[in-house]
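Here the structure is laid out as structure tokens; the discussion comes afterwards.
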Amino acid sequence: MSHRYLEVTYRKGKPLAAYLYLPRRGGDASVRVEPHGPGFLVDWTQDGHPIGIEMPSPSLVTVEGLNRVLSELHLDPVAPEEVGPVVAA
């Protein structure tokens with residue numbers, strides 16, 4: 001997968017969890033999860049490559065908070081419309 005995308009899980013019409021898939025290589029798998037600031041968990045491969053950001057409390061997610069995590073991971077920021085389904089919650 002060469003691009004990132006957002007997946008949101010809903011329950012009774014409200015976001016229950018969200019996951020931002022980051023670009024990855026074929027065969028990449030998460031071997032550890034680390035908290036990265038309040039409300040974010042980063043999934044890492046064996047060789048130290050971030051492959052996803054879990055957001056277990058989507059109602060607390062802000063574009064600024066997510067972009068802070070992406071910046072710390074040396075990744076490009078998201079545009080508000082890219083994470084609209086979570087931030088609008």
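Letters A, B, ... go to the chains of the structure tokens in the order shown; residues in each chain start at 1; ligands are counted from 1 in the same order.
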Test item: residues at most 12 Å from Asp43 in chain A, only C-alpha atoms, excluding those fewer than 5 positions along its chain, as a list in words: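 What passes the distance filter is Tyr19, Leu20, Tyr21, Leu22, Arg24, Asp28, Ala29, Ser30, Val31, Arg32, Val33, Glu34, Pro35, His36, Gly48, His49, Pro50, Ile51, Gly52, Ile53, Glu54, Met55 and Leu73 of chain A.
For chain A, backbone-based DSSP assignment of strand (DSSP E) covers Tyr5, Leu6, Glu7, Val8, Thr9, Tyr10, Arg11, Lys14, Pro15, Leu16, Ala17, Ala18, Tyr19, Leu20, Tyr21, Arg32, Val33, Glu34, Pro35, Leu41, Val42, Asp43, Trp44, Pro50, Ile51, Gly52, Ile53, Glu54 and Met55 of chain A.
The interatomic distance for the pair CA of Val78 in chain A and CA of Glu7 in chain A works out to 14.1 Å.
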Using only C-alpha atoms: which of A:Leu75, A:Val63, A:Pro58, A:Val87 has the shortest distance to Tyr10 in chain A: A:Pro58
Exercise: Pro80 in chain A partners within 12 Å, only C-alpha atoms, chain neighbours under 5 positions left out, as a ChimeraX atom specification: /A:61-67,85-88
Next, dump the selected residues to file, keeping only all heavy atoms, as a CSV table (one decimal), in the first residue's frame.
```csv
chain,number,residue,atom,x,y,z
A,61,VAL,N,-9.9,13.2,19.1
A,61,VAL,CA,-8.9,13.4,18.0
A,61,VAL,C,-9.0,14.8,17.5
A,61,VAL,O,-10.2,15.3,17.2
A,61,VAL,CB,-9.0,12.4,16.9
A,61,VAL,CG1,-8.1,12.7,15.7
A,61,VAL,CG2,-8.6,11.0,17.4
A,62,THR,N,-7.9,15.5,17.3
A,62,THR,CA,-7.9,16.8,16.6
A,62,THR,C,-6.9,16.7,15.4
A,62,THR,O,-6.0,15.8,15.5
A,62,THR,CB,-7.5,17.9,17.5
A,62,THR,OG1,-6.1,17.7,17.9
A,62,THR,CG2,-8.4,18.1,18.7
A,63,VAL,N,-7.1,17.5,14.4
A,63,VAL,CA,-6.2,17.5,13.3
A,63,VAL,C,-4.8,17.9,13.8
A,63,VAL,O,-3.8,17.3,13.5
A,63,VAL,CB,-6.6,18.5,12.2
A,63,VAL,CG1,-5.6,18.7,11.2
A,63,VAL,CG2,-7.9,18.0,11.6
A,64,GLU,N,-4.8,18.9,14.7
A,64,GLU,CA,-3.5,19.3,15.3
A,64,GLU,C,-2.8,18.2,16.1
A,64,GLU,O,-1.6,18.0,15.9
A,64,GLU,CB,-3.7,20.5,16.2
A,64,GLU,CG,-4.2,21.8,15.5
A,64,GLU,CD,-5.7,21.8,15.3
A,64,GLU,OE1,-6.4,20.9,15.8
A,64,GLU,OE2,-6.1,22.6,14.5
A,65,GLY,N,-3.5,17.5,16.9
A,65,GLY,CA,-2.9,16.4,17.6
A,65,GLY,C,-2.4,15.3,16.7
A,65,GLY,O,-1.3,14.8,16.9
A,66,LEU,N,-3.2,14.9,15.7
A,66,LEU,CA,-2.7,13.9,14.8
A,66,LEU,C,-1.5,14.4,14.0
A,66,LEU,O,-0.5,13.6,13.8
A,66,LEU,CB,-3.9,13.5,13.8
A,66,LEU,CG,-3.6,12.4,12.8
A,66,LEU,CD1,-3.0,11.1,13.5
A,66,LEU,CD2,-4.8,12.1,12.0
A,67,ASN,N,-1.5,15.6,13.6
A,67,ASN,CA,-0.4,16.1,12.8
A,67,ASN,C,0.9,16.2,13.7
A,67,ASN,O,2.0,16.1,13.2
A,67,ASN,CB,-0.7,17.5,12.2
A,67,ASN,CG,-1.5,17.3,10.9
A,67,ASN,OD1,-1.4,16.3,10.3
A,67,ASN,ND2,-2.3,18.3,10.5
A,85,PRO,N,-14.1,12.4,9.0
A,85,PRO,CA,-15.1,11.5,9.7
A,85,PRO,C,-14.8,11.4,11.2
A,85,PRO,O,-15.6,11.1,11.9
A,85,PRO,CB,-14.9,10.2,9.0
A,85,PRO,CG,-14.4,10.5,7.6
A,85,PRO,CD,-13.5,11.8,7.8
A,86,VAL,N,-13.5,11.5,11.6
A,86,VAL,CA,-13.2,11.4,13.0
A,86,VAL,C,-13.3,12.8,13.7
A,86,VAL,O,-13.9,12.9,14.7
A,86,VAL,CB,-11.7,10.9,13.1
A,86,VAL,CG1,-11.3,10.9,14.6
A,86,VAL,CG2,-11.6,9.5,12.6
A,87,VAL,N,-12.7,13.8,13.1
A,87,VAL,CA,-12.7,15.1,13.7
A,87,VAL,C,-14.1,15.7,13.8
A,87,VAL,O,-14.4,16.3,14.8
A,87,VAL,CB,-11.8,16.1,13.0
A,87,VAL,CG1,-11.8,17.5,13.5
A,87,VAL,CG2,-10.3,15.5,13.0
A,88,ALA,N,-15.0,15.4,12.9
A,88,ALA,CA,-16.3,15.9,12.9
A,88,ALA,C,-17.1,15.2,14.0
A,88,ALA,O,-18.2,15.7,14.4
A,88,ALA,CB,-17.0,15.7,11.6
```
Test item, helix (DSSP H, G or I) assignment across range 30-67 of chain A, answer as a list in words: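 Selecting the helix (DSSP H, G or I) positions of range 30-67 of chain A gives Pro58, Ser59, Leu60, Val63, Glu64, Gly65, Leu66 and Asn67 of chain A.
Relative to CA of Ala79 in chain A, CA of Arg25 in chain A is found at 23.5 Å.
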Atom-to-atom span, CA of Ser57 in chain A and CA of Leu16 in chain A, Å: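 Rounded to one decimal, the two atoms are 6.8 Å apart.
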